[in-house]
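Shown below: upload28.cif, with mmCIF, C-alpha atoms.
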```cif
data_protein
loop_
_atom_site.label_atom_id
_atom_site.label_comp_id
_atom_site.auth_asym_id
_atom_site.auth_seq_id
_atom_site.Cartn_x
_atom_site.Cartn_y
_atom_site.Cartn_z
CA MET U 1 166.76 87.96 106.70
CA ARG U 2 164.32 85.62 105.03
CA ARG U 3 165.39 84.25 101.64
CA ALA U 4 163.04 84.93 98.74
CA GLU U 5 161.86 81.87 96.82
CA ASP U 6 163.92 82.70 93.72
CA ASP U 7 167.08 83.77 95.55
CA PRO U 8 170.20 81.67 94.95
CA LEU U 9 170.74 78.93 97.52
CA ARG U 10 173.80 78.47 99.68
CA ILE U 11 174.71 74.84 99.11
CA LEU U 12 177.21 72.87 101.18
CA LEU U 13 178.87 70.01 99.32
CA TRP U 14 182.17 68.22 99.31
CA HIS U 15 184.44 68.02 96.25
CA VAL U 16 184.27 64.26 95.71
CA HIS U 17 184.00 63.69 91.95
CA GLY U 18 185.70 66.46 89.99
CA SER U 19 183.80 66.15 86.70
CA TRP U 20 180.39 65.87 88.36
CA THR U 21 181.14 68.80 90.67
CA SER U 22 182.38 70.84 87.72
CA SER U 23 178.92 70.54 86.16
CA PHE U 24 176.97 70.98 89.41
CA VAL U 25 178.65 74.26 90.43
CA ARG U 26 177.70 75.86 87.12
CA GLY U 27 174.20 76.43 88.43
CA ARG U 28 172.97 79.80 89.68
CA HIS U 29 173.68 79.18 93.36
CA GLU U 30 176.54 79.70 95.82
CA TYR U 31 178.49 76.53 96.57
CA LEU U 32 180.41 76.05 99.82
CA LEU U 33 183.28 73.56 99.51
CA PRO U 34 185.05 72.47 102.71
CA LEU U 35 188.79 73.08 102.72
CA LEU U 36 191.29 71.60 105.19
CA PRO U 37 194.98 72.50 105.40
CA GLU U 38 195.91 68.91 104.56
CA GLY U 39 193.29 68.62 101.82
CA GLY U 40 192.33 64.95 101.59
CA PRO U 41 188.89 63.42 100.97
CA TRP U 42 187.11 65.70 103.46
CA GLY U 43 188.73 69.01 102.54
CA ARG U 44 189.79 69.30 98.91
CA GLY U 45 188.17 72.68 98.29
CA ARG U 46 188.29 73.68 94.64
CA CYS U 47 191.70 72.09 93.90
CA ASP U 48 192.51 75.24 91.89
CA ARG U 49 189.62 74.63 89.52
CA ALA U 50 187.98 77.62 87.86
CA TRP U 51 184.64 77.51 89.65
CA PRO U 52 183.58 81.17 90.18
CA SER U 53 180.43 80.30 92.14
CA ALA U 54 182.26 77.97 94.54
CA ARG U 55 183.66 79.33 97.81
CA GLU U 56 186.14 77.42 99.97
CA VAL U 57 185.22 77.34 103.66
CA SER U 58 186.88 75.95 106.77
CA PRO U 59 185.01 73.88 109.38
CA ALA U 60 185.18 76.89 111.73
CA GLN U 61 183.50 79.10 109.13
CA LEU U 62 180.77 76.51 108.57
CA ARG U 63 179.68 76.74 112.23
CA ASP U 64 178.09 80.17 111.62
CA ALA U 65 177.50 79.92 107.86
CA ASP U 66 174.04 80.38 106.38
CA ILE U 67 173.34 77.06 104.65
CA ASP U 68 170.11 76.41 102.76
CA VAL U 69 170.76 72.79 101.76
CA VAL U 70 173.45 70.12 102.03
CA VAL U 71 174.23 67.91 99.04
CA LEU U 72 175.66 64.71 100.53
CA GLN U 73 177.64 62.16 98.54
CA ARG U 74 179.03 59.82 101.22
CA PRO U 75 177.30 58.50 104.37
CA GLU U 76 180.12 59.87 106.57
CA GLU U 77 179.20 63.40 105.52
CA ILE U 78 176.00 63.26 107.60
CA GLU U 79 177.93 63.07 110.88
CA LEU U 80 180.59 65.45 109.56
CA THR U 81 177.97 68.09 108.70
CA GLU U 82 176.50 67.86 112.18
CA ARG U 83 179.95 68.10 113.81
CA TRP U 84 181.11 71.05 111.71
CA THR U 85 177.86 73.03 111.49
CA GLY U 86 175.90 71.93 114.55
CA ARG U 87 172.99 71.00 112.27
CA ARG U 88 171.75 67.52 111.43
CA PRO U 89 171.07 67.00 107.69
CA GLY U 90 167.43 66.22 107.00
CA ARG U 91 166.30 67.59 110.36
CA ASP U 92 167.97 70.93 111.07
CA VAL U 93 168.92 71.70 107.47
CA PRO U 94 167.44 70.32 104.22
CA ALA U 95 169.60 67.69 102.53
CA VAL U 96 169.75 65.37 99.54
CA PHE U 97 172.08 62.40 99.01
CA VAL U 98 173.64 61.84 95.58
CA GLU U 99 174.46 58.16 94.96
CA HIS U 100 177.22 57.99 92.37
CA ASN U 101 178.08 54.30 92.70
CA THR U 102 176.75 50.88 91.90
CA PRO U 103 176.18 48.78 95.03
CA THR U 104 178.64 46.25 96.38
CA GLY U 105 178.02 43.12 98.39
CA ASP U 106 174.96 40.92 97.89
CA VAL U 107 173.71 42.49 94.66
CA PRO U 108 170.83 42.97 93.90
CA ARG U 109 169.83 42.77 97.55
CA THR U 110 172.28 45.46 98.67
CA ARG U 111 170.42 47.93 100.87
CA HIS U 112 171.39 51.57 100.66
CA PRO U 113 172.88 53.10 103.84
CA LEU U 114 170.03 55.66 103.84
CA ALA U 115 167.28 53.13 103.12
CA ASP U 116 165.82 53.16 106.64
CA GLN U 117 164.95 56.86 106.74
CA ASP U 118 162.79 59.26 104.76
CA GLU U 119 164.22 62.64 105.79
CA ILE U 120 166.94 62.72 103.12
CA PRO U 121 165.93 61.84 99.55
CA LEU U 122 168.26 59.86 97.31
CA VAL U 123 169.26 61.01 93.83
CA HIS U 124 170.81 58.26 91.69
CA VAL U 125 172.97 59.35 88.76
CA THR U 126 171.81 56.50 86.49
CA HIS U 127 168.63 54.53 86.03
CA PHE U 128 170.61 51.32 86.50
CA ASN U 129 171.72 52.45 89.95
CA HIS U 130 168.14 53.34 90.85
CA LEU U 131 167.02 49.90 89.69
CA ILE U 132 169.70 47.86 91.42
CA TRP U 133 170.01 49.61 94.80
CA ASP U 134 167.44 48.72 97.49
CA SER U 135 166.53 52.28 98.48
CA GLY U 136 164.05 51.15 101.15
CA ARG U 137 161.69 53.90 102.27
CA ALA U 138 163.99 56.74 101.26
CA PRO U 139 162.40 58.87 98.51
CA ALA U 140 164.45 58.16 95.40
CA THR U 141 164.76 59.59 91.91
CA VAL U 142 167.26 59.87 89.03
CA ILE U 143 169.08 62.92 87.73
CA GLU U 144 171.28 61.80 84.87
CA HIS U 145 174.73 63.19 84.23
CA GLY U 146 175.32 66.38 82.33
CA VAL U 147 178.74 67.59 81.24
CA VAL U 148 180.27 70.82 80.05
CA ASP U 149 180.53 70.45 76.27
CA PRO U 150 184.22 70.26 75.30
CA GLY U 151 183.30 70.83 71.67
CA GLU U 152 183.51 68.58 68.63
CA ARG U 153 187.26 67.94 68.59
CA TYR U 154 187.50 64.42 67.18
CA THR U 155 190.02 63.80 64.40
CA GLY U 156 190.63 60.06 64.85
CA GLU U 157 193.91 60.58 63.04
CA GLU U 158 195.73 57.97 65.11
CA ALA U 159 194.74 54.32 64.62
CA SER U 160 194.69 53.77 68.37
CA ILE U 161 192.17 53.01 71.11
CA GLY U 162 191.64 55.61 73.83
CA LEU U 163 190.65 54.77 77.42
CA VAL U 164 190.30 56.64 80.70
CA MET U 165 190.73 54.43 83.79
CA ASN U 166 191.52 55.43 87.37
CA GLU U 167 193.61 52.96 89.39
CA PRO U 168 193.18 50.15 86.83
CA VAL U 169 195.60 47.73 88.52
CA ARG U 170 194.02 48.03 91.97
CA ARG U 171 190.46 47.92 90.66
CA GLY U 172 191.16 45.09 88.22
CA ARG U 173 188.15 43.19 86.89
CA ALA U 174 185.66 45.80 88.15
CA VAL U 175 186.91 48.24 85.51
CA GLY U 176 187.80 45.55 82.95
CA THR U 177 191.57 45.90 83.20
CA ASP U 178 192.02 42.24 82.27
CA LEU U 179 190.39 42.91 78.87
CA LEU U 180 193.09 45.30 77.66
CA PRO U 181 195.51 42.75 76.12
CA ALA U 182 192.83 41.50 73.73
CA PHE U 183 192.30 45.01 72.35
CA ALA U 184 196.04 45.72 72.27
CA GLU U 185 196.34 42.99 69.64
CA VAL U 186 194.17 45.12 67.33
CA ALA U 187 195.67 48.57 67.94
CA PRO U 188 197.85 50.45 70.43
CA LEU U 189 196.07 51.53 73.60
CA ASP U 190 196.39 55.12 74.86
CA VAL U 191 195.37 55.13 78.53
CA TRP U 192 194.77 58.18 80.72
CA GLY U 193 193.94 58.32 84.42
CA ILE U 194 195.20 58.00 87.97
CA GLY U 195 197.73 55.20 88.45
CA VAL U 196 197.78 54.08 84.80
CA GLU U 197 201.59 53.91 84.81
CA LYS U 198 201.31 50.68 86.83
CA LEU U 199 199.83 49.01 83.75
CA GLU U 200 203.23 48.98 82.05
CA GLU U 201 204.71 46.49 84.51
CA HIS U 202 201.40 44.72 85.07
CA PHE U 203 201.03 43.63 81.45
CA GLY U 204 204.39 44.16 79.78
CA LEU U 205 202.77 45.10 76.47
CA GLY U 206 205.49 47.55 75.49
CA GLU U 207 204.47 50.01 72.77
CA ARG U 208 201.05 48.36 72.48
CA LEU U 209 200.04 50.14 75.70
CA ARG U 210 200.97 53.82 76.13
CA THR U 211 200.17 55.38 79.49
CA ARG U 212 199.45 59.11 79.30
CA GLY U 213 199.04 60.00 82.97
CA ASP U 214 196.41 61.94 84.89
CA LEU U 215 195.98 65.14 82.88
CA GLY U 216 193.72 68.17 83.13
CA GLN U 217 190.49 68.01 81.15
CA ASP U 218 191.62 70.13 78.22
CA ALA U 219 194.81 68.13 77.65
CA LEU U 220 192.92 64.88 78.15
CA HIS U 221 190.27 65.82 75.61
CA ALA U 222 192.89 66.93 73.08
CA GLY U 223 194.69 63.60 73.37
CA LEU U 224 191.56 61.47 73.33
CA ALA U 225 190.19 63.21 70.24
CA ARG U 226 193.19 62.01 68.21
CA CYS U 227 192.40 58.35 68.96
CA ARG U 228 190.24 56.47 66.45
CA VAL U 229 187.81 55.08 69.03
CA TYR U 230 186.94 55.31 72.72
CA LEU U 231 186.80 52.05 74.71
CA HIS U 232 184.69 51.69 77.87
CA THR U 233 185.55 48.42 79.67
CA PRO U 234 184.01 48.54 83.20
CA ARG U 235 182.04 45.52 84.33
CA TRP U 236 180.68 47.04 87.52
CA THR U 237 180.96 50.77 87.97
CA SER U 238 178.55 53.62 87.55
CA LEU U 239 178.51 55.33 84.16
CA GLY U 240 181.87 57.02 83.68
CA LEU U 241 181.74 60.70 82.79
CA SER U 242 184.76 60.16 80.55
CA LEU U 243 182.53 58.05 78.27
CA ILE U 244 180.02 60.88 77.98
CA GLU U 245 182.80 63.39 77.40
CA ALA U 246 184.27 61.21 74.65
CA MET U 247 180.88 61.13 72.95
CA HIS U 248 180.67 64.92 73.23
CA LEU U 249 184.07 65.10 71.53
CA GLY U 250 182.55 63.20 68.60
CA MET U 251 184.25 59.84 69.22
CA PRO U 252 182.76 56.47 68.24
CA VAL U 253 182.39 54.21 71.26
CA LEU U 254 183.01 50.55 72.07
CA ALA U 255 181.54 49.53 75.42
CA VAL U 256 181.10 46.45 77.56
CA ALA U 257 177.34 45.89 77.92
CA SER U 258 177.16 46.29 81.67
CA THR U 259 175.38 48.67 84.06
CA GLU U 260 174.17 51.82 82.21
CA ALA U 261 176.29 51.53 79.05
CA SER U 262 173.62 49.98 76.81
CA ARG U 263 171.30 52.89 77.58
CA ALA U 264 173.97 55.56 77.18
CA VAL U 265 175.32 54.45 73.77
CA PRO U 266 172.83 54.03 70.91
CA PRO U 267 173.63 51.52 68.12
CA GLU U 268 174.45 54.22 65.59
CA ALA U 269 177.13 55.69 67.91
CA GLY U 270 179.21 52.55 68.39
CA VAL U 271 179.06 48.96 69.54
CA VAL U 272 177.90 47.78 72.97
CA SER U 273 178.26 44.08 73.67
CA ALA U 274 178.91 41.53 76.41
CA ASP U 275 180.83 39.52 73.81
CA VAL U 276 184.41 40.75 74.02
CA ASN U 277 185.25 39.10 70.69
CA GLU U 278 182.53 41.18 69.04
CA LEU U 279 184.01 44.35 70.52
CA VAL U 280 187.50 43.38 69.35
CA ARG U 281 186.19 42.79 65.83
CA ALA U 282 184.44 46.16 65.90
CA ALA U 283 187.70 47.82 66.98
CA ALA U 284 189.50 46.25 64.03
CA GLU U 285 186.77 47.43 61.65
CA LEU U 286 186.98 51.01 62.89
CA MET U 287 190.77 51.00 62.61
CA ALA U 288 190.39 50.01 58.97
CA ASP U 289 187.53 52.41 58.17
CA PRO U 290 188.08 55.99 59.39
CA GLU U 291 184.99 57.21 57.53
CA LEU U 292 182.77 54.80 59.45
CA ALA U 293 184.40 55.96 62.68
CA HIS U 294 183.64 59.59 61.85
CA ARG U 295 180.00 58.82 61.03
CA MET U 296 179.55 56.96 64.30
CA GLY U 297 181.31 59.73 66.18
CA LYS U 298 178.92 62.37 64.85
CA GLN U 299 175.98 60.25 66.01
CA ALA U 300 177.64 59.82 69.40
CA ARG U 301 177.99 63.58 69.80
CA GLU U 302 174.40 64.22 68.72
CA HIS U 303 173.12 61.70 71.27
CA ALA U 304 175.36 63.02 74.07
CA LEU U 305 174.23 66.61 73.52
CA ALA U 306 170.59 65.56 73.60
CA SER U 307 170.81 63.17 76.55
CA TYR U 308 173.69 64.40 78.71
CA GLY U 309 173.76 68.14 78.13
CA LEU U 310 174.58 70.59 80.92
CA ASP U 311 171.37 72.63 80.62
CA ALA U 312 169.05 69.68 81.30
CA PHE U 313 171.25 68.54 84.19
CA LEU U 314 171.08 71.96 85.85
CA ARG U 315 167.32 72.29 85.24
CA ASN U 316 166.65 68.94 86.86
CA TRP U 317 168.78 69.86 89.85
CA GLU U 318 166.98 73.20 90.14
CA VAL U 319 163.69 71.32 90.47
CA GLN U 320 165.11 68.86 92.99
CA LEU U 321 166.67 71.54 95.17
CA GLY U 322 163.46 73.53 95.06
CA ARG U 323 161.50 70.53 96.33
CA VAL U 324 163.94 69.80 99.15
CA THR U 325 164.22 73.38 100.37
CA SER U 326 160.46 73.93 100.24
CA GLY U 327 159.79 70.92 102.43
CA GLY U 328 159.06 68.43 99.66
CA SER U 329 160.90 65.23 98.75
CA ALA U 330 162.30 63.55 95.64
#
```

Can you turn what I pasted into structure tokens?
Amino acid sequence: MRRAEDDPLRILLWHVHGSWTSSFVRGRHEYLLPLLPEGGPWGRGRCDRAWPSAREVSPAQLRDADIDVVVLQRPEEIELTERWTGRRPGRDVPAVFVEHNTPTGDVPRTRHPLADQDEIPLVHVTHFNHLIWDSGRAPATVIEHGVVDPGERYTGEEASIGLVMNEPVRRGRAVGTDLLPAFAEVAPLDVWGIGVEKLEEHFGLGERLRTRGDLGQDALHAGLARCRVYLHTPRWTSLGLSLIEAMHLGMPVLAVASTEASRAVPPEAGVVSADVNELVRAAAELMADPELAHRMGKQAREHALASYGLDAFLRNWEVQLGRVTSGGSA
């Protein structure tokens, strides 16, 4: 049966980045998420998340599934799609590749793995990524992040600095782990994320660094909103959704001026600088002036709602998916 132009699409995608997927599956379509008995990177399914429009499917079910478009996020998924469905992305089934990451290697000459083809368009999640990747002849565009609004929950009642960092010890300088002791001299650090407990032995900062674990979004947001300020330390990662979520909460932001941060955080919402001493001084000022922190936080929320709202994100994806499934490109 032929699908009408305005019918919902059946979209195959892997659950790679939880927060991004949580926004993406709130569109009007049906989302097929591969599920393997062992889970793992190629078969996480929903991970018990409340995504009503997402359906978990096994590789066997995908062989005969009606799929309108594949949203790829890792190069390996091209071969995996062909093996599991019998259809080659970009040839037998429309596809788009979402590039979440900044390049590695010989930056800025790093060539994207899909740069030598034009059958699968690239969608970068930040303008910095679009600028810095060599996308070759692949059609490329940008669809910026959009997040589900957690609400204005900021109280700033604790004179502490909140951070969200996944695997900070392993990732080290890339996520600015080495910068934490300087900020711990100003105020206690409350750190959430995967593997943050390793920071305790790594630094030995005692009560100046309090690891909070890898919590669900609601508990994370509740804890973050009590901190006076949000700190974003990465030197070389794509724009973290936790930064955007903190701004939605109404938190003032301190951020290392690298990758997309200077574009994401306006001056009235916080301080963005490549001078760590300047950021440390700003942290001390906000600890001493809760009213200033609240004013900045309100500006941060206003900017986040306008620039990283869910509705605009879904509209932009609707346009992109329409182009791909109608035979167009990025």

Would you work out the distance separating atom CA of U:Leu239 from atom CA of U:Glu260, expressed in Å to one decimal?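 So the answer is 5.9 Å.
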
What does the structure give for the distance between atom CA of U:Val271 and atom CA of U:Gly213, in Å to one decimal? 26.5 Å

I would like the residues chosen by the PyMOL selection byres ((chain U and resi 158) around 9) on the shown file; could you give them as an mmCIF file with C-alpha atoms, in the frame of the given file?
```
data_model
loop_
_atom_site.group_PDB
_atom_site.id
_atom_site.type_symbol
_atom_site.label_atom_id
_atom_site.label_comp_id
_atom_site.auth_asym_id
_atom_site.auth_seq_id
_atom_site.Cartn_x
_atom_site.Cartn_y
_atom_site.Cartn_z
ATOM 1 C CA THR U 155 190.020 63.800 64.400
ATOM 2 C CA GLY U 156 190.630 60.060 64.850
ATOM 3 C CA GLU U 157 193.910 60.580 63.040
ATOM 4 C CA ALA U 159 194.740 54.320 64.620
ATOM 5 C CA SER U 160 194.690 53.770 68.370
ATOM 6 C CA ILE U 161 192.170 53.010 71.110
ATOM 7 C CA ARG U 226 193.190 62.010 68.210
ATOM 8 C CA CYS U 227 192.400 58.350 68.960
ATOM 9 C CA ARG U 228 190.240 56.470 66.450
ATOM 10 C CA MET U 287 190.770 51.000 62.610
#
```

Show me, as a list in words, the residues that have an atom within 10 Å of U:Cys47 when counting all atoms listed in the file, minus same-chain residues fewer than 6 positions from it.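 Everything that qualifies: His15, Gly18, Leu35, Gly39 and Glu56 of chain U.
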
Picked residues, the PyMOL selection byres ((chain U and resi 224) around 12), expected as an MDAnalysis selection string: chainID U and resid 150 152:164 189:193 212 215 217:223 225:231 242:243 245:253

With all atoms listed in the file as the atoms that count, which of U:Leu279, U:Ala264, U:Leu179, U:Ile120 lies nearest to U:Arg235? U:Leu179

What's the 10 Å shell around U:Thr85, counting only C-alpha atoms, without same-chain residues fewer than 6 positions away, as a PyMOL selection string? chain U and resi 59-67+79+93

Compile the contact shell of U:Val148 as a ChimeraX atom specification: residues with an atom at most 10 Å away, counting all atoms listed in the file, same-chain residues fewer than 6 positions apart removed. /U:19-20,22-24,26,245,248,305,308-311

Point-to-point distance from atom CA of U:His100 to atom CA of U:Val16, Å rounded to tenths: 10.0 Å
